[in-house]
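Peer 1: Below you will find the structure I want to go over with you.
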Amino acid sequence: MNLATWSLRNPIPVLLAFSLLVIAGIRGFTQLPIKNLPEIDLPTVDVVLTQPGAAPAQLETEVARRVEDAISNTVGLKHLRTNISDGVVHVSAKFEIGKPLSEALTEVKESVDRIRSDLPADVEQPAISADVVGGSPILTYAASSKTLDEEALSWLIDDVVNKSLRALPGVGRVERIGGVQREIRVEVDPVKLAALDATVADVSRGLRQVQLEASGGIAKLGVADVSMRTLGAVRQADELATTAVPLMNGRHLYLGDIASITDGFRDREQVSLLDGAPVVGFHIYRAKGKDETVIAEQVERALADLRIAHPDFRATLVSGSVEYTTEQFRGSMQMLFEGALLAILVVWWFLGDWRATLVAAVALPLSILPTFALMPSLGFSLNTLTLLALAVVAGILVDDAIVEIENIERHRRQGKTLLEATSDAVTEIALAVAATTLTLVVVFLPTALMPGIAGMLFRQFGWTAVIAVLASLLVARLLTPLLAVHWLKNHSAKSDDHGPLMRRYLAAVNWCLAHRGTTMATAVLFLIGSFALVPYIPTGFIPASDRGFVKVSLELPPGASLDDSLSAVEAVRSVLADVPGIAHVFSVAGEPAGDQQAPEARRALLTLMLAPRDARPTQKEIEKAVQERLFAVPGARFTVSGSDNAGELSLILTSEDARVLEATAQTMELQMRAVPGLSNVISTASLDRPELIVRPDARRAAEVGVDTATIAETVRIALGGDFDARLARLDLDNRQLMIRVRIPDSYRRDLDAIGQLRVRAGVGTVPLESIASLSIESGPQQLERYDRQRYVRISAGLGETALGDANAAVAGLPVTQTLPSNVRLIEDGDSELASELAGGFVTAIGAGVLCMFCVLVLLFKDVFQPVTILSVVPISLGGAFIALALTGISLDVPAMIGLVMLMGVVTKNSILLVDYAVTSMRERALERGPALIAACGMRARPIVMTTFAMIAGMLPIAFGFGADASFRQPMAVAVIGGLIVSTFLSLFLVPVIFTYVDDAEHWLRHAPARYVR
């Protein structure tokens, strides 16, 4: 059944179906969440184990290795990353795509439960959870108040702001930055304790046992059931001074007699500043799969309500991905509209008939809206890639309509009635339209089915393009003929003679056919020359974007204090004060080394908030200026990066031999610093930090009845207080405060004073120095493991250097060439993803070419001429390479998208030529030469029209108009370059290749007969 002629006879079902599709598309569009890119996080399960007081090396042996070995047997596990710090082991298990997160969570829990009895007895219950929160904050605010002090503002954020924001749909986590935590500090006098023959551990333990409210359950009192509670806790901090704390042997003491009690706050871990002024910041993380733009709107409303309740509360947006995501969405939509408008103008320019142009223009929205109708049910979003897919196919979507309208116009010029012209034209072109559409489908489909990270990234892109292209086929076969019959006007017969430009073109085609060898030699030379440019084209992953803020990470030597970090932060802010384009600086001293890790005093992070894009230099220029100014700040290591870490090289060295690993990492770090173009080379090789080492004398300690655990407890409580879980608490109306017992700061800084601390012995107490030696030594601050081996991560800023060039330079280093046998080099970050994506794209291109060949064989019922059609694919790739080389744009992910798209587009042009030539030879009995000339004469105009329409749709993207076009621009440049070259050459080359293939076909068919004779 011919769908086109059927629609002419049955217009009502067609109009009704498309009306419903329009309504469904509009509704689907309103339901789609807005994101920057699709979710590309692997299913991840986090395991956190806590053993208070344990050192990293001890935890690695006793806890981390055993947990890793248990989890490693889980089906579908891809990578294990382990971070070990004081008292905490964090194991992150990443699984292969397709592994249900709930199933992975259950299997990991079962694996850990099986070895729970093998872990040390004092390891707390493992916390095992699925990672359902996005890795980076979508919003970061700096809060301030004129009436609230720092502690009150911190509590306002922890209590009121946190609760208000966590109640919003889609908010995964709210995390405070900087500020302080209120705490009751009991600083005991060691001299007075010694006089009473008591220890600081006695006081802490006794206070915990006194400051207590305990439940006694239910008891019978008379005939009634009553609940029982023992209330021994005081309600005010000043009441603690008169609290009697029991000691051993029936003695007791009053806290006020041996300690100073203050209602203050615990030791600072972070300090946050906005332009040098103290503030308290907070991060907002979204739950995975949620619309960050909707979350941002809800957060703004919630903060506005908070400002009404707390007029002095002010929250300043510091950074985030939401504004950039919204900008990209608006920019992509603007490019889509502009591209569509330009494509329609091209159609009008060629046809010169506003009615015919209107018919072709209707194809665009009616192809896109059904795509929006299906996207919500597929779990898609309005992100850069899905909108890029629609922008990519904007020109394609009108192609089928252009071909049919142009063919209808040609039949009308022959004197046929409008109905006859439409019926004959759509029937004649049916095979070509179906072939061109299906070739596009099989080109985009492999990108939607790529495995791994590449599949997660491009699944939505591929399926969006496939759905839109199929919708355009329905529009072209059902609606375009119907609209043509009712909207176009009948014309009298006109001469179908070619104009002067067409006659010159046909004369050139005749010359090419007469000089086939010269034409083919020219094409081959062009192909060789263009592909010879590939080694000179820089390669990359994701282009660096201009997001409006720059991050400067600062790292001081181990042992540096929070005050040292704060001084370094202010020094950096001072040298950057006159860098053009920086509007504000948000600083955090005490930045964690990684996500959900404890803050480190020696690390800091400065977020440089940039001025509006049109009022400042580019972000790359600002980053370069910042890097130059940082040389003036001594004693620190810096990393300057955009918010998405684009433009960073990351490598991992793994080994079981810690010494060899560290030595290799240091050598590689030194050699990488000598590589031109690399900057800020930093290694995570754990620099040793100062440690207070207490070594008990086993014999002397045993003589007085002291064990190692008692010594460790005494030192720990005296210097830092007991573990949080073991501290006494003070209950207030709306919160609970910890009561921390320890010695004053003046004693904690004196090693001799620490040696005089009293330790509980079998009888009375003894000085610590009498049973142990104290020394300042060094040890690892944290340990990191990758797939059950120790690892060191080495990163470097790329600046203007392409990722591929940087990888090649590192691969050529002497240390890389002579790696020890027990050390393995693994690509990480962008390098790992780029390698996986490159392999996925090569496979997708190969699968696309094979699928196109199969589709063409089935449609043309011929094995030979599909070779002619596909011959232009390498030529189009050559044109894309030339365009990338001339513009200096890297061969990265968006450029690869352009290459995939080119394959489908250029085959459309070849199909139009070959289909008409084959039809003329089979049905009109024309000779090969006249058939090819006729095909060129009849199909050159729609080919040029569709090419101009495609180029017009891509031009705004290629020029980078509107929002930051760093991601879209490489794709547009590659497509335009490939289209220009392939269209120009295919109009002359395809007829020549057709003759060679036809000759080969005749030779092969007659070869058996020659051998028989």
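We name chains A, B, ... following the order of the structure tokens; residues begin at 1 in each chain, and ligands are numbered from 1 as shown.
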Contacts between segment 580-600 of chain A and segment 158-241 of chain A, please, where a residue of segment 158-241 of chain A counts if it comes within 10 Å (with only C-alpha atoms); show its shortest atom pair and distance in Å to one decimal, rows by chain and ascending number, as a tab-separated table.
Peer 2:
residue	atom	partner	partner_atom	distance
A:Glu175	CA	A:Gln596	CA	9.7
A:Ile177	CA	A:Val588	CA	7.6
A:Gly178	CA	A:Val588	CA	7.1
Peer 1: Give the helix (DSSP H, G or I) residues of segment 165-358 of chain A, as assigned by DSSP on the backbone, as a ChimeraX atom specification.
Peer 2: /A:165-166,190-195,200-210,237-242,248-250,255-258,292-309,322-351,354-358
Peer 1: Pick out the residues sitting within 8 Å of Gln789 of chain A, and hand them over as a short mmCIF file (atom, residue, chain, number, x, y, z; two decimals) with all heavy atoms, in the first residue's frame; count only C-alpha atoms, and ignore anything fewer than 3 positions along from it in its own chain.
Peer 2:
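Final output, out.cif:
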data_model
loop_
_atom_site.label_atom_id
_atom_site.label_comp_id
_atom_site.auth_asym_id
_atom_site.auth_seq_id
_atom_site.Cartn_x
_atom_site.Cartn_y
_atom_site.Cartn_z
N THR A 654 49.12 2.13 40.06
CA THR A 654 48.71 1.18 41.09
C THR A 654 49.82 0.16 41.31
O THR A 654 50.55 -0.21 40.39
CB THR A 654 47.42 0.45 40.71
OG1 THR A 654 47.67 -0.39 39.57
CG2 THR A 654 46.31 1.42 40.37
N SER A 655 49.91 -0.30 42.56
CA SER A 655 50.89 -1.33 42.91
C SER A 655 50.62 -1.79 44.33
O SER A 655 50.03 -1.06 45.14
CB SER A 655 52.32 -0.79 42.79
OG SER A 655 53.26 -1.77 43.20
N GLU A 656 51.07 -3.01 44.64
CA GLU A 656 51.00 -3.49 46.01
C GLU A 656 52.23 -3.09 46.81
O GLU A 656 52.24 -3.16 48.03
CB GLU A 656 50.85 -5.03 46.01
CG GLU A 656 49.44 -5.51 45.71
CD GLU A 656 48.46 -5.14 46.81
OE1 GLU A 656 48.89 -4.74 47.90
OE2 GLU A 656 47.24 -5.24 46.57
N ARG A 785 43.18 3.31 47.56
CA ARG A 785 43.32 2.04 46.86
C ARG A 785 42.36 2.00 45.67
O ARG A 785 41.25 2.57 45.72
CB ARG A 785 43.03 0.86 47.80
CG ARG A 785 44.04 0.75 48.94
CD ARG A 785 43.60 -0.27 50.00
NE ARG A 785 43.43 -1.60 49.46
CZ ARG A 785 44.41 -2.48 49.25
NH1 ARG A 785 45.66 -2.13 49.55
NH2 ARG A 785 44.16 -3.67 48.77
N TYR A 786 42.81 1.34 44.62
CA TYR A 786 42.02 1.23 43.38
C TYR A 786 42.05 -0.23 42.94
O TYR A 786 43.13 -0.78 42.69
CB TYR A 786 42.61 2.14 42.30
CG TYR A 786 41.87 2.14 40.97
CD1 TYR A 786 40.76 2.96 40.79
CD2 TYR A 786 42.28 1.33 39.93
CE1 TYR A 786 40.09 2.98 39.58
CE2 TYR A 786 41.61 1.34 38.71
CZ TYR A 786 40.51 2.17 38.54
OH TYR A 786 39.85 2.18 37.34
#
Peer 1: Find the residues near Arg742 of chain A: any atom within 12 Å, counting only C-alpha atoms, skip ones fewer than 2 places away on the same chain, and give them as a ChimeraX atom specification.
Peer 2: /A:184-190,193,199-205,258-261,266,713-723,727,739-740,744-748,754,757
Peer 1: Between atom CA of Ala883 of chain A and atom CA of Gly978 of chain A, measure the distance and give it in Å to one decimal.
Peer 2: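 Between atom CA of Ala883 of chain A and atom CA of Gly978 of chain A the gap is 7.7 Å.
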Peer 1: What's around segment 118-129 of chain A at 12 Å? Count only C-alpha atoms, leave out sequence neighbours fewer than 4 positions away in its own chain, and write the answer as a PyMOL selection string.
Peer 2: chain A and resi 43-54+58-67+70-71+87-93+101-114+133+725
Peer 1: So that I have them on file, write out the residues from the current selection with C-alpha atoms, as a PDB file, in the first residue's frame.
Peer 2:
ATOM      1  CA  PRO A  43      25.499   2.334  39.777  1.00  0.00           C
ATOM      2  CA  THR A  44      27.452   2.900  42.987  1.00  0.00           C
ATOM      3  CA  VAL A  45      27.247   1.478  46.504  1.00  0.00           C
ATOM      4  CA  ASP A  46      29.169   3.130  49.361  1.00  0.00           C
ATOM      5  CA  VAL A  47      30.444   1.212  52.379  1.00  0.00           C
ATOM      6  CA  VAL A  48      31.700   3.235  55.354  1.00  0.00           C
ATOM      7  CA  LEU A  49      33.360   1.471  58.288  1.00  0.00           C
ATOM      8  CA  THR A  50      34.520   3.247  61.437  1.00  0.00           C
ATOM      9  CA  GLN A  51      37.084   2.043  63.954  1.00  0.00           C
ATOM     10  CA  PRO A  52      37.719   4.959  66.329  1.00  0.00           C
ATOM     11  CA  GLY A  53      41.381   5.756  66.842  1.00  0.00           C
ATOM     12  CA  ALA A  54      42.743   3.327  64.250  1.00  0.00           C
ATOM     13  CA  GLN A  58      46.183  -0.524  60.535  1.00  0.00           C
ATOM     14  CA  LEU A  59      42.786  -0.052  58.892  1.00  0.00           C
ATOM     15  CA  GLU A  60      44.170  -1.068  55.508  1.00  0.00           C
ATOM     16  CA  THR A  61      45.337  -4.427  56.822  1.00  0.00           C
ATOM     17  CA  GLU A  62      42.584  -5.271  59.272  1.00  0.00           C
ATOM     18  CA  VAL A  63      39.520  -3.782  57.583  1.00  0.00           C
ATOM     19  CA  ALA A  64      39.904  -2.444  54.031  1.00  0.00           C
ATOM     20  CA  ARG A  65      41.518  -5.505  52.438  1.00  0.00           C
ATOM     21  CA  ARG A  66      38.981  -7.890  53.945  1.00  0.00           C
ATOM     22  CA  VAL A  67      36.003  -5.792  52.846  1.00  0.00           C
ATOM     23  CA  ALA A  70      34.446  -9.804  50.031  1.00  0.00           C
ATOM     24  CA  ILE A  71      32.900  -7.229  47.661  1.00  0.00           C
ATOM     25  CA  GLY A  87      39.415   5.757  61.971  1.00  0.00           C
ATOM     26  CA  VAL A  88      37.394   5.606  58.732  1.00  0.00           C
ATOM     27  CA  VAL A  89      37.384   3.325  55.686  1.00  0.00           C
ATOM     28  CA  HIS A  90      35.258   4.444  52.714  1.00  0.00           C
ATOM     29  CA  VAL A  91      34.822   1.827  49.974  1.00  0.00           C
ATOM     30  CA  SER A  92      33.019   2.892  46.799  1.00  0.00           C
ATOM     31  CA  ALA A  93      31.889  -0.012  44.600  1.00  0.00           C
ATOM     32  CA  LEU A 101      21.132  -0.505  42.047  1.00  0.00           C
ATOM     33  CA  SER A 102      18.852  -2.258  44.547  1.00  0.00           C
ATOM     34  CA  GLU A 103      20.340  -5.620  43.593  1.00  0.00           C
ATOM     35  CA  ALA A 104      23.885  -4.284  43.904  1.00  0.00           C
ATOM     36  CA  LEU A 105      23.062  -2.825  47.335  1.00  0.00           C
ATOM     37  CA  THR A 106      21.665  -6.158  48.574  1.00  0.00           C
ATOM     38  CA  GLU A 107      24.641  -8.159  47.292  1.00  0.00           C
ATOM     39  CA  VAL A 108      27.175  -5.777  48.847  1.00  0.00           C
ATOM     40  CA  LYS A 109      25.367  -5.916  52.194  1.00  0.00           C
ATOM     41  CA  GLU A 110      25.397  -9.712  52.103  1.00  0.00           C
ATOM     42  CA  SER A 111      29.102  -9.752  51.205  1.00  0.00           C
ATOM     43  CA  VAL A 112      30.029  -7.440  54.095  1.00  0.00           C
ATOM     44  CA  ASP A 113      27.803  -9.354  56.540  1.00  0.00           C
ATOM     45  CA  ARG A 114      29.632 -12.602  55.703  1.00  0.00           C
ATOM     46  CA  VAL A 133      22.940  12.000  45.205  1.00  0.00           C
ATOM     47  CA  ALA A 725      29.873   8.692  70.491  1.00  0.00           C
TER      48      ALA A 725
END
Peer 1: Tell me which of A:Leu670, A:Ile771, A:Ala965, A:Ala152 sits closest to Val694 of chain A, counting only C-alpha atoms.
Peer 2: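 Looking only at the distances to Val694 of chain A, the closest residue turns out to be A:Ile771.
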Peer 1: Set the distance at 7 Å and use only C-alpha atoms: which residues neighbour segment 376-381 of chain A once local chain neighbours fewer than 6 positions away are removed? I'd like the list as a list in words.
Peer 2: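 Everything that qualifies: Gly28, Gln31, Leu32, Pro33, Ile34, Lys35 and Gln460 of chain A.
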Peer 1: Hey, which of A:Val990, A:Leu803, A:Val534, A:Leu1004 ends up closest to Leu870 of chain A? Count only C-alpha atoms.
Peer 2: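 Closest candidate: A:Val990.
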Peer 1: Excluding segment 211-218 of chain A and residues on its chain fewer than 6 positions from it, collect all residues at most 9 Å away from it, counting only C-alpha atoms, and give them as a ChimeraX atom specification.
Peer 2: /A:225-234,243,728-730
Peer 1: Go ahead and write the residues just picked, N, CA, C and O atoms, as a short mmCIF file (atom, residue, chain, number, x, y, z; two decimals), in the first residue's frame.
Peer 2:
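Result file is selection-v3.cif:
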data_model
loop_
_atom_site.label_atom_id
_atom_site.label_comp_id
_atom_site.auth_asym_id
_atom_site.auth_seq_id
_atom_site.Cartn_x
_atom_site.Cartn_y
_atom_site.Cartn_z
N ASP A 225 0.25 0.96 85.32
CA ASP A 225 1.54 0.81 84.64
C ASP A 225 2.16 2.19 84.45
O ASP A 225 1.51 3.10 83.93
N VAL A 226 3.39 2.33 84.90
CA VAL A 226 4.06 3.61 84.78
C VAL A 226 5.41 3.40 84.10
O VAL A 226 6.03 2.34 84.21
N SER A 227 5.85 4.40 83.38
CA SER A 227 7.18 4.35 82.77
C SER A 227 8.19 4.88 83.77
O SER A 227 7.88 5.74 84.61
N MET A 228 9.41 4.37 83.67
CA MET A 228 10.45 4.77 84.60
C MET A 228 11.59 5.45 83.85
O MET A 228 12.00 5.00 82.78
N ARG A 229 12.12 6.54 84.42
CA ARG A 229 13.28 7.24 83.87
C ARG A 229 14.16 7.71 85.00
O ARG A 229 13.66 8.14 86.05
N THR A 230 15.45 7.64 84.78
CA THR A 230 16.42 8.17 85.76
C THR A 230 17.01 9.43 85.17
O THR A 230 17.67 9.40 84.12
N LEU A 231 16.78 10.58 85.81
CA LEU A 231 17.20 11.88 85.30
C LEU A 231 18.34 12.42 86.14
O LEU A 231 18.13 12.91 87.25
N GLY A 232 19.55 12.29 85.61
CA GLY A 232 20.71 12.77 86.36
C GLY A 232 21.43 13.91 85.68
O GLY A 232 22.45 14.39 86.18
N ALA A 233 20.94 14.35 84.51
CA ALA A 233 21.63 15.37 83.72
C ALA A 233 21.22 16.76 84.16
O ALA A 233 20.06 17.02 84.49
N VAL A 234 22.19 17.68 84.13
CA VAL A 234 21.89 19.08 84.39
C VAL A 234 21.39 19.70 83.09
O VAL A 234 21.58 19.18 81.99
N THR A 243 28.76 19.95 89.56
CA THR A 243 28.49 18.53 89.37
C THR A 243 29.59 17.70 90.01
O THR A 243 30.78 17.91 89.76
N ALA A 728 29.81 12.89 76.98
CA ALA A 728 28.59 13.28 77.70
C ALA A 728 27.85 14.34 76.90
O ALA A 728 28.45 15.06 76.10
N ARG A 729 26.54 14.44 77.11
CA ARG A 729 25.73 15.39 76.34
C ARG A 729 24.95 16.30 77.28
O ARG A 729 24.57 15.93 78.39
N LEU A 730 24.71 17.52 76.78
CA LEU A 730 23.88 18.48 77.49
C LEU A 730 22.64 18.72 76.64
O LEU A 730 22.74 19.21 75.51
#
Peer 1: Just checking: using only C-alpha atoms, which residue out of A:Ala198, A:Val403, A:Val842, A:Leu153 ends up closest to Thr357 of chain A?
Peer 2: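 Of A:Ala198, A:Val403, A:Val842, A:Leu153, the one nearest Thr357 of chain A is A:Val403, counting only C-alpha atoms.
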